[in-house]
$ cat run_31.cif   # mmCIF, C-alpha atoms
data_final
loop_
_atom_site.label_atom_id
_atom_site.label_comp_id
_atom_site.auth_asym_id
_atom_site.auth_seq_id
_atom_site.Cartn_x
_atom_site.Cartn_y
_atom_site.Cartn_z
CA MET A 1 48.68 114.76 83.87
CA ASP A 2 46.32 117.29 82.32
CA VAL A 3 45.10 118.32 85.75
CA LEU A 4 48.62 119.05 87.02
CA PRO A 5 49.93 122.62 87.03
CA ASP A 6 52.42 123.50 84.31
CA GLU A 7 55.23 123.83 86.84
CA VAL A 8 54.74 120.23 88.06
CA VAL A 9 54.61 118.78 84.53
CA GLN A 10 57.73 120.72 83.60
CA TYR A 11 59.49 119.50 86.76
CA ILE A 12 58.66 115.86 85.94
CA LEU A 13 59.81 116.12 82.32
CA THR A 14 63.16 117.61 83.29
CA TYR A 15 64.04 114.19 84.72
CA MET A 16 63.79 112.53 81.31
CA LYS A 17 67.22 111.38 80.05
CA ASP A 18 66.89 108.74 77.36
CA ALA A 19 66.85 110.43 73.93
CA LYS A 20 64.00 108.24 72.66
CA ASP A 21 61.82 109.17 75.61
CA VAL A 22 62.56 112.86 75.17
CA ALA A 23 61.71 112.67 71.45
CA ARG A 24 58.45 110.84 72.18
CA CYS A 25 57.40 113.23 74.93
CA SER A 26 57.88 116.22 72.65
CA CYS A 27 55.28 114.69 70.29
CA VAL A 28 52.56 114.16 72.91
CA SER A 29 51.13 117.66 72.76
CA LYS A 30 52.00 121.28 72.11
CA ARG A 31 52.01 121.85 75.86
CA TRP A 32 54.60 119.12 76.44
CA LYS A 33 56.72 120.25 73.52
CA GLU A 34 57.03 123.67 75.09
CA PHE A 35 58.44 122.08 78.23
CA MET A 36 61.15 120.01 76.52
CA PRO A 37 63.75 122.84 76.45
CA SER A 38 63.88 122.38 80.23
CA VAL A 39 65.40 118.89 79.85
CA LYS A 40 68.78 118.95 81.60
CA SER A 41 70.16 115.60 80.53
CA LEU A 42 70.29 113.69 77.22
CA TYR A 43 71.47 110.09 76.94
CA PHE A 44 72.02 108.48 73.54
CA PRO A 45 72.78 104.77 74.12
CA ARG A 46 74.34 102.65 71.39
CA ASN A 47 71.89 102.04 68.53
CA SER A 48 69.26 104.20 70.22
CA ILE A 49 68.83 106.48 67.21
CA TYR A 50 70.66 104.55 64.52
CA ASP A 51 68.58 102.71 61.92
CA SER A 52 70.25 101.18 58.85
CA ARG A 53 67.26 102.29 56.73
CA ARG A 54 67.66 105.93 57.75
CA THR A 55 70.40 108.50 57.17
CA ASP A 56 69.05 111.35 59.27
CA PHE A 57 70.12 110.13 62.72
CA ASP A 58 72.72 112.93 62.99
CA GLU A 59 69.93 115.41 62.30
CA THR A 60 67.83 113.82 65.05
CA ILE A 61 70.69 114.09 67.55
CA GLY A 62 71.31 117.72 66.61
CA ARG A 63 67.64 118.65 66.82
CA LEU A 64 67.31 117.21 70.34
CA ILE A 65 70.48 118.94 71.53
CA ARG A 66 69.46 122.30 70.05
CA SER A 67 65.95 122.02 71.48
CA SER A 68 67.26 122.02 75.05
CA SER A 69 68.19 125.47 76.27
CA SER A 70 69.44 124.28 79.68
CA LEU A 71 71.27 121.04 78.82
CA GLU A 72 73.74 120.18 81.59
CA GLU A 73 74.61 116.54 80.87
CA LEU A 74 75.21 114.93 77.45
CA THR A 75 76.04 111.25 76.89
CA LEU A 76 76.79 110.18 73.31
CA TYR A 77 77.34 106.43 72.85
CA CYS A 78 75.57 106.01 69.50
CA PRO A 79 77.36 106.41 66.13
CA PHE A 80 77.56 109.96 64.82
CA SER A 81 79.43 111.97 62.19
CA SER A 82 82.48 113.58 63.76
CA SER A 83 81.98 116.75 61.71
CA ASN A 84 78.76 117.49 63.61
CA LEU A 85 80.28 117.33 67.08
CA LYS A 86 81.53 120.91 67.11
CA PRO A 87 78.18 122.58 66.26
CA TRP A 88 76.42 120.39 68.83
CA LEU A 89 78.85 121.33 71.61
CA THR A 90 78.76 124.97 70.56
CA SER A 91 74.97 124.90 70.82
CA ALA A 92 75.03 123.38 74.31
CA GLY A 93 78.28 125.02 75.42
CA ARG A 94 76.85 127.64 77.75
CA SER A 95 74.97 125.28 80.03
CA LEU A 96 76.78 121.92 79.49
CA ARG A 97 78.53 120.64 82.63
CA HIS A 98 79.07 116.91 82.01
CA LEU A 99 80.10 115.29 78.70
CA ASP A 100 80.40 111.51 78.14
CA LEU A 101 81.60 110.79 74.60
CA ARG A 102 82.25 107.50 72.78
CA VAL A 103 84.57 107.96 69.79
CA ASP A 104 85.44 104.27 69.09
CA GLY A 105 88.87 104.92 67.61
CA ASP A 106 87.75 107.42 64.96
CA ARG A 107 90.90 109.44 64.21
CA ARG A 108 88.83 111.96 62.28
CA THR A 109 87.10 113.20 65.41
CA ASP A 110 88.38 116.67 66.21
CA LEU A 111 88.61 116.67 70.00
CA SER A 112 89.66 120.31 70.06
CA CYS A 113 85.99 121.21 69.69
CA ILE A 114 85.46 120.06 73.29
CA GLY A 115 86.78 123.49 74.22
CA ALA A 116 83.52 124.94 72.88
CA ALA A 117 81.84 123.75 76.09
CA HIS A 118 83.41 126.40 78.30
CA GLY A 119 81.62 125.37 81.49
CA LEU A 120 82.51 121.65 81.50
CA GLU A 121 83.06 120.19 84.96
CA SER A 122 83.51 116.52 83.98
CA LEU A 123 84.63 114.83 80.76
CA LYS A 124 84.66 111.12 79.87
CA LEU A 125 86.12 109.84 76.59
CA TRP A 126 85.80 106.28 75.25
CA GLY A 127 87.95 104.77 72.51
CA ALA A 128 89.77 107.96 71.59
CA VAL A 129 93.00 108.06 69.56
CA ILE A 130 95.01 111.04 70.77
CA VAL A 131 98.41 111.29 69.09
CA GLY A 132 99.29 114.92 69.77
CA SER A 133 98.00 117.64 72.01
CA PRO A 134 94.17 117.66 71.70
CA GLY A 135 94.15 121.45 71.44
CA TRP A 136 91.50 122.04 74.09
CA ALA A 137 91.12 125.54 75.36
CA GLN A 138 91.94 126.12 79.02
CA SER A 139 89.15 124.58 81.11
CA PRO A 140 89.56 125.87 84.66
CA ARG A 141 86.16 124.46 85.71
CA LEU A 142 86.97 120.91 84.59
CA THR A 143 87.59 118.87 87.75
CA ARG A 144 86.95 115.29 86.53
CA LEU A 145 88.62 113.66 83.52
CA GLU A 146 88.21 109.98 82.57
CA ILE A 147 89.68 108.37 79.44
CA VAL A 148 88.76 104.73 78.80
CA GLY A 149 90.05 102.21 76.25
CA SER A 150 92.01 104.83 74.36
CA THR A 151 95.38 105.20 72.68
CA LEU A 152 97.48 108.11 73.88
CA LYS A 153 101.05 109.13 73.26
CA ASP A 154 103.07 110.61 76.09
CA GLY A 155 102.86 114.15 74.68
CA ALA A 156 99.09 113.82 74.16
CA LEU A 157 98.48 113.23 77.86
CA VAL A 158 100.64 116.23 78.77
CA GLY A 159 98.50 118.40 76.47
CA CYS A 160 95.28 117.07 78.03
CA LEU A 161 96.44 117.80 81.57
CA GLU A 162 97.75 121.27 80.73
CA SER A 163 94.25 122.18 79.54
CA CYS A 164 92.64 121.27 82.87
CA PRO A 165 94.99 122.34 85.69
CA ASN A 166 92.31 122.14 88.41
CA LEU A 167 91.50 118.44 88.14
CA THR A 168 90.53 116.74 91.40
CA GLU A 169 89.78 113.33 89.79
CA LEU A 170 91.71 111.63 86.98
CA ALA A 171 91.23 108.15 85.49
CA LEU A 172 93.04 106.48 82.58
CA LEU A 173 91.56 102.99 82.25
CA GLY A 174 92.68 100.37 79.72
CA CYS A 175 94.81 102.89 77.83
CA ASP A 176 97.92 102.11 75.78
CA GLY A 177 100.60 103.85 73.75
CA MET A 178 102.44 105.42 76.70
CA GLN A 179 105.90 104.57 78.04
CA SER A 180 106.26 107.32 80.61
CA ILE A 181 103.57 109.27 82.45
CA SER A 182 104.28 112.45 84.37
CA ILE A 183 101.46 114.13 86.29
CA GLU A 184 101.78 117.39 88.19
CA LEU A 185 98.39 118.57 89.40
CA GLN A 186 98.16 120.58 92.59
CA CYS A 187 94.45 119.91 93.22
CA LEU A 188 94.32 116.19 92.35
CA GLU A 189 92.68 114.06 95.06
CA ARG A 190 91.73 110.79 93.31
CA CYS A 191 93.73 109.06 90.58
CA ARG A 192 93.22 105.71 88.79
CA LEU A 193 95.72 104.66 86.13
CA ASP A 194 95.53 101.34 84.23
CA VAL A 195 97.93 101.07 81.29
CA LEU A 196 98.21 98.27 78.74
CA GLY A 197 100.91 97.02 76.40
CA PRO A 198 104.34 95.41 76.67
CA GLY A 199 107.39 97.05 78.18
CA GLU A 200 108.06 98.85 81.43
CA CYS A 201 105.89 101.92 81.85
CA SER A 202 106.96 104.47 84.45
CA LEU A 203 104.90 106.90 86.51
CA HIS A 204 105.99 110.14 88.14
CA LEU A 205 103.28 111.83 90.19
CA SER A 206 103.46 115.11 92.05
CA SER A 207 100.13 115.98 93.67
CA PRO A 208 100.33 117.00 97.34
CA LYS A 209 96.55 116.66 97.92
CA ILE A 210 96.21 113.11 96.57
CA GLU A 211 94.05 110.89 98.82
CA PHE A 212 93.31 107.88 96.60
CA LEU A 213 95.81 106.31 94.16
CA ASP A 214 95.24 103.09 92.19
CA VAL A 215 97.85 102.21 89.55
CA VAL A 216 98.05 99.09 87.34
CA GLY A 217 100.73 98.13 84.81
CA PHE A 218 103.70 100.27 85.92
CA GLY A 219 107.19 98.89 86.50
CA TRP A 220 108.44 102.06 88.14
CA VAL A 221 106.27 104.24 90.38
CA CYS A 222 107.67 107.48 91.79
CA VAL A 223 105.39 109.67 93.89
CA ASN A 224 106.49 112.83 95.66
CA ALA A 225 105.27 114.06 99.04
CA THR A 226 101.86 112.54 99.86
CA PRO A 227 100.80 113.74 103.33
CA CYS A 228 97.09 113.18 102.55
CA LEU A 229 97.24 109.75 100.84
CA LYS A 230 94.79 107.33 102.51
CA ASN A 231 94.30 104.54 99.97
CA LEU A 232 97.10 103.14 97.80
CA SER A 233 96.98 100.21 95.37
CA ILE A 234 99.85 99.12 93.10
CA ALA A 235 99.47 96.16 90.73
CA LYS A 236 101.17 94.66 87.69
CA ASN A 237 99.59 91.58 86.16
CA SER A 238 102.58 90.73 83.96
CA GLY A 239 106.23 91.65 84.07
CA ARG A 240 108.04 93.00 87.10
CA VAL A 241 107.66 95.93 89.47
CA TYR A 242 111.28 96.89 89.91
CA ARG A 243 111.15 100.27 91.63
CA VAL A 244 108.73 102.05 93.96
CA GLU A 245 109.58 105.44 95.46
CA PHE A 246 107.36 107.29 97.91
CA GLY A 247 107.77 109.98 100.49
CA GLU A 248 106.41 109.54 104.00
CA LEU A 249 102.87 108.13 104.19
CA PRO A 250 101.55 109.40 107.55
CA SER A 251 97.84 109.20 106.63
CA LEU A 252 97.81 105.85 104.81
CA ASP A 253 94.92 103.60 105.91
CA SER A 254 94.79 100.97 103.16
CA LEU A 255 97.61 99.42 101.10
CA THR A 256 97.21 96.84 98.30
CA LEU A 257 100.17 95.23 96.53
CA ARG A 258 99.55 92.76 93.68
CA GLY A 259 101.61 91.22 90.92
CA VAL A 260 103.51 88.22 89.63
CA GLN A 261 106.99 89.52 90.48
CA TRP A 262 108.19 92.44 92.56
CA SER A 263 111.73 93.46 93.28
CA TRP A 264 112.28 92.79 96.98
CA ASP A 265 113.74 96.30 97.30
CA ALA A 266 110.43 97.70 96.01
CA VAL A 267 108.44 95.61 98.52
CA GLN A 268 110.66 96.67 101.41
CA SER A 269 110.56 100.31 100.39
CA ILE A 270 106.78 100.62 100.35
CA LEU A 271 106.28 98.56 103.53
CA GLN A 272 108.76 100.74 105.43
CA ARG A 273 106.95 103.90 104.32
CA ALA A 274 103.55 102.44 105.22
CA SER A 275 104.27 101.98 108.92
CA ASN A 276 100.89 103.45 109.95
CA VAL A 277 98.76 101.38 107.57
CA LYS A 278 95.60 99.79 108.99
CA HIS A 279 94.53 97.50 106.16
CA LEU A 280 97.15 95.53 104.21
CA PHE A 281 96.52 93.24 101.23
CA MET A 282 99.45 91.47 99.55
CA LYS A 283 99.26 89.08 96.62
CA ILE A 284 102.73 88.91 95.11
CA GLU A 285 103.89 85.55 93.81
CA PHE A 286 107.66 86.03 93.53
CA SER A 287 110.48 88.47 94.21
CA GLY A 288 113.84 88.94 92.52
CA ASN A 289 115.75 91.77 90.88
CA SER A 290 116.13 89.98 87.54
CA ASP A 291 114.07 87.75 85.27
CA ARG A 292 114.71 84.88 87.64
CA LEU A 293 111.74 84.19 89.90
CA LEU A 294 112.73 83.92 93.57
CA PRO A 295 110.77 83.29 96.78
CA PHE A 296 110.51 85.97 99.43
CA PRO A 297 113.38 86.08 101.93
CA ARG A 298 112.69 85.28 105.58
CA ILE A 299 110.56 87.82 107.43
CA ASP A 300 110.62 87.99 111.23
CA LEU A 301 106.99 87.94 112.35
CA ALA A 302 107.45 90.04 115.50
CA GLU A 303 109.61 92.58 113.70
CA PHE A 304 107.08 92.91 110.88
CA PHE A 305 104.09 93.58 113.14
CA ASN A 306 106.07 95.84 115.46
CA SER A 307 106.86 97.91 112.36
CA HIS A 308 103.12 98.08 111.52
CA PRO A 309 101.47 98.43 114.95
CA ASN A 310 98.14 99.81 113.67
CA LEU A 311 97.16 96.89 111.45
CA CYS A 312 93.46 96.03 111.74
CA SER A 313 93.11 93.68 108.76
CA PHE A 314 95.81 91.62 107.11
CA GLU A 315 95.39 89.55 103.94
CA ILE A 316 98.32 87.72 102.37
CA HIS A 317 98.83 85.03 99.73
CA GLY A 318 101.34 82.20 99.32
CA ALA A 319 104.73 83.92 99.06
CA MET A 320 104.33 86.39 101.92
CA PHE A 321 102.91 83.71 104.24
CA ALA A 322 105.78 81.37 103.33
CA ALA A 323 108.26 84.13 104.23
CA LEU A 324 106.66 84.45 107.68
CA CYS A 325 106.84 80.67 108.16
CA GLN A 326 110.52 80.09 107.48
CA LYS A 327 112.97 78.78 110.02
CA ASN A 328 113.68 81.34 112.77
CA SER A 329 110.77 83.59 111.67
CA LEU A 330 109.30 83.22 115.18
CA THR A 331 112.58 83.78 117.04
CA SER A 332 111.52 87.20 118.36
CA VAL A 333 108.03 86.09 119.44
CA ASP A 334 107.82 85.93 123.24
CA SER A 335 105.15 86.20 125.91
CA GLU A 336 105.15 90.00 125.72
CA PHE A 337 104.69 90.21 121.96
CA GLU A 338 101.27 91.60 120.99
CA ILE A 339 99.48 92.77 117.85
CA PRO A 340 97.14 95.24 119.58
CA TYR A 341 94.59 96.20 116.88
CA LEU A 342 94.46 93.20 114.54
CA GLU A 343 90.84 92.09 114.03
CA LYS A 344 90.79 90.14 110.77
CA VAL A 345 93.36 87.87 109.10
CA ARG A 346 92.93 86.13 105.75
CA ILE A 347 95.69 83.80 104.57
CA SER A 348 95.86 81.83 101.32
CA VAL A 349 97.93 78.65 101.42
CA ARG A 350 98.96 76.76 98.31
CA SER A 351 101.60 74.33 99.55
CA PRO A 352 101.41 71.64 102.28
CA LEU A 353 105.17 71.69 102.80
CA ASN A 354 106.64 72.96 106.06
CA ALA A 355 103.29 72.27 107.72
CA GLU A 356 104.53 72.36 111.31
CA GLN A 357 106.10 75.79 110.93
CA LYS A 358 102.98 77.12 109.20
CA MET A 359 100.74 75.96 112.01
CA ASN A 360 103.08 77.52 114.60
CA THR A 361 102.89 80.83 112.74
CA LEU A 362 99.08 80.71 112.59
CA GLU A 363 98.86 79.96 116.30
CA SER A 364 101.31 82.75 117.14
CA LEU A 365 99.22 85.20 115.13
CA LEU A 366 96.06 84.12 116.91
CA LYS A 367 97.45 84.12 120.44
CA SER A 368 99.22 87.47 120.00
CA SER A 369 96.11 89.30 118.76
CA PRO A 370 93.72 90.03 121.67
CA ARG A 371 91.16 91.73 119.38
CA LEU A 372 91.19 89.11 116.63
CA GLN A 373 87.64 88.28 115.54
CA THR A 374 88.17 86.29 112.34
CA MET A 375 90.98 84.22 110.87
CA ILE A 376 90.21 82.80 107.42
CA ILE A 377 92.49 80.11 106.02
CA LYS A 378 91.95 79.73 102.28
CA ILE A 379 93.30 76.46 100.87
CA LEU A 380 94.18 76.85 97.20
CA SER A 381 94.48 73.99 94.69
CA MET A 382 97.51 71.94 95.69
CA ARG A 383 99.35 70.01 93.01
CA ASN A 384 101.31 68.01 95.53
CA THR A 385 99.82 64.55 96.04
CA HIS A 386 102.33 63.59 98.69
CA GLU A 387 101.27 62.34 102.12
CA SER A 388 102.26 65.76 103.44
CA GLU A 389 99.08 67.17 101.93
CA LYS A 390 96.88 64.86 104.01
CA ALA A 391 98.89 65.63 107.13
CA PHE A 392 98.58 69.36 106.49
CA PHE A 393 94.80 69.15 106.14
CA GLN A 394 94.57 67.24 109.39
CA LYS A 395 96.57 69.90 111.21
CA VAL A 396 94.42 72.69 109.75
CA CYS A 397 91.21 70.92 110.78
CA ARG A 398 92.45 70.38 114.32
CA PHE A 399 93.39 74.04 114.48
CA ARG A 400 89.93 74.98 113.22
CA TYR A 401 88.16 72.97 115.93
CA LYS A 402 90.51 74.23 118.63
CA TYR A 403 89.60 77.87 117.83
CA GLU A 404 86.20 77.36 116.23
CA LYS A 405 84.85 80.79 117.21
CA ILE A 406 87.59 82.56 115.27
CA VAL A 407 89.04 80.27 112.59
CA GLN A 408 87.29 79.57 109.29
CA ILE A 409 88.40 77.37 106.38
CA GLU A 410 87.70 78.05 102.72
#
$ encode --input "run_31.cif" --output "structure tokens"
Amino acid sequence: MDVLPDEVVQYILTYMKDAKDVARCSCVSKRWKEFMPSVKSLYFPRNSIYDSRRTDFDETIGRLIRSSSSLEELTLYCPFSSSNLKPWLTSAGRSLRHLDLRVDGDRRTDLSCIGAAHGLESLKLWGAVIVGSPGWAQSPRLTRLEIVGSTLKDGALVGCLESCPNLTELALLGCDGMQSISIELQCLERCRLDVLGPGECSLHLSSPKIEFLDVVGFGWVCVNATPCLKNLSIAKNSGRVYRVEFGELPSLDSLTLRGVQWSWDAVQSILQRASNVKHLFMKIEFSGNSDRLLPFPRIDLAEFFNSHPNLCSFEIHGAMFAALCQKNSLTSVDSEFEIPYLEKVRISVRSPLNAEQKMNTLESLLKSSPRLQTMIIKILSMRNTHESEKAFFQKVCRFRYKYEKIVQIE
């Protein structure tokens, strides 16, 4: 590299990120050391600097941060003394744009010092414990906020969001401590919320520009006008989803509903709003408005698809398929019934009972879909050892060979 012009060497070294590599490069020569202030990104992985025989690792971190005059991205995953965070961020505050910070539940860490980085555009916090308002200064440039594996109280989240009113992306992943979340952000476009803990957590969201919404763990979801929403996913791995309220969803392309138990009113509400959806995934085991687990009520197949005429892909599991296969579910299916845009169907079956009606439903789906390219029938583990299981498999296999270019069995 000695024969390369200074500008080329400097350009190459600005792509260094790992803190160890940056430290080593600064020791190669005086020429290289002079170029290190041009490093734009520093990454301190876990145990990258830490050595049980040394006590100066905080000094090493601080020296590397201070040596860079144009630092734009800082990732701190290694252990550090919380008291040093403020001077580090103050040193890099003018140029710093992206901060990724692992706190690991240290309550002593003063998160208010994040406000020292006035130009932050994205912030990611790991393992934080935020009990009250974090005390950040107003950060109008901050557009991306991600908090992972942290404990927050309801008031703490309000304080965080008030400090960054121009967020376009928000993610709370694996967080606990909250019973009610209220978000009002006018610029928000993408939102991922995954809450932990027992009890029924509620969400109220008011963001007219939202395009992507993925929520996990909420029993009550209330979202105001969403004219731009294209992708929506609602899931609850334990407990019950008892209420879902949305405005009209004219732009919705993809809808995912997952959970053990949903109130049937909640299922009906969201399906009625999502009349223009193109891709629908449903994996809900039971319905019911109380602790009692109930099967889905009967769903008329023709009425359902006429209410969702733009469906291109349709994936359902056990309960929803059983509802479409009940007695009289095919009453409205006639020679004129058509599902015009359906191209892919994936159905999971877990019971061999009512085999004849299930096969009639599958055949009606296939014959009524002129654009259908693939129908996947996934056979789940069946506990029933009755003769009906063998008969069901025989019917499925005959159906597979009858429409071998379209039907697949898993």
$ resolve_selection --input "run_31.cif" --expression "the PyMOL selection byres ((chain A and resi 13-16) around 12)" --output "number ranges by chain"
A: 1, 6-12, 17-26, 31-43, 68-73
$ resolve_selection --input "run_31.cif" --expression "the PyMOL selection byres ((chain A and resi 76-83) around 7)" --output "list in words"
Tyr43, Phe44, Pro45, Arg46, Asn47, Ser48, Asp58, Leu74, Thr75, Asn84, Leu85, Lys86, Asp100, Leu101, Arg102, Arg108 and Thr109 of chain A
$ residues_around --input "run_31.cif" --residues "Cys191 in chain A" --least-positions-apart "6" --cutoff "6 Å" --atoms "all atoms listed in the file" --output "list of chain:residue names"
A:Glu169, A:Leu170, A:Ala171, A:Leu213
$ closest_atom_pairs --input "run_31.cif" --of "range 154-210 of chain A" --to "range 120-130 of chain A" --cutoff "9 Å" --atoms "all atoms listed in the file" --output "tab-separated table"
residue	atom	partner	partner_atom	distance
A:Ala156	CA	A:Ile130	CA	6.0
A:Leu157	CA	A:Ile130	CA	8.2
A:Cys175	CA	A:Gly127	CA	8.9
$ residues_near_point --input "run_31.cif" --point "(112.3, 94.9, 95.0)" --cutoff "7 Å" --atoms "all atoms listed in the file" --output "PyMOL selection string"
chain A and resi 242-243+262-268+287-289
$ atom_distance --input "run_31.cif" --atom1 "CA of Ile339 in chain A" --atom2 "CA of Leu324 in chain A"
15.0 Å
$ atom_distance --input "run_31.cif" --atom1 "CA of Ile379 in chain A" --atom2 "CA of Cys397 in chain A"
11.5 Å
$ atom_distance --input "run_31.cif" --atom1 "CA of Glu248 in chain A" --atom2 "CA of Cys222 in chain A"
12.4 Å
$ resolve_selection --input "run_31.cif" --expression "the PyMOL selection byres ((chain A and resi 184) around 6)" --output "ChimeraX atom specification"
/A:183,185,206-207
$ closest_residue --input "run_31.cif" --among "A:Glu356, A:Ser290, A:Leu64, A:Leu342" --to "Ser388 in chain A" --atoms "all atoms listed in the file"
A:Glu356
$ residues_around --input "run_31.cif" --residues "Glu343 in chain A" --least-positions-apart "3" --cutoff "12 Å" --atoms "all atoms listed in the file" --output "ChimeraX atom specification"
/A:278-279,310-315,339-340,346,365-366,368-376,406
$ residues_around --input "run_31.cif" --residues "Arg273 in chain A" --least-positions-apart "2" --cutoff "7 Å" --atoms "only C-alpha atoms" --output "ChimeraX atom specification"
/A:248-249,269-271,275
$ residues_around --input "run_31.cif" --residues "Ala391 in chain A" --least-positions-apart "4" --cutoff "12 Å" --atoms "all atoms listed in the file" --output "ChimeraX atom specification"
/A:351-356,359,385-387,395-398
$ residues_around --input "run_31.cif" --residues "Pro295 in chain A" --least-positions-apart "5" --cutoff "10 Å" --atoms "all atoms listed in the file" --output "JSON, numbers by chain"
{"A": [261, 264, 284, 285, 286, 287, 288, 318, 319, 320, 322, 323]}
$ axis_aligned_box --input "run_31.cif" --around "range 366-382 of chain A" --padding-each-side "3 Å" --output "lines of an AutoDock Vina configuration file"
center_x = 93.4
center_y = 81.8
center_z = 108.2
size_x = 17.6
size_y = 25.8
size_z = 33.0
$ closest_residue --input "run_31.cif" --among "A:Leu188, A:Ile65, A:Leu280, A:Val28" --to "His308 in chain A" --atoms "all atoms listed in the file"
A:Leu280
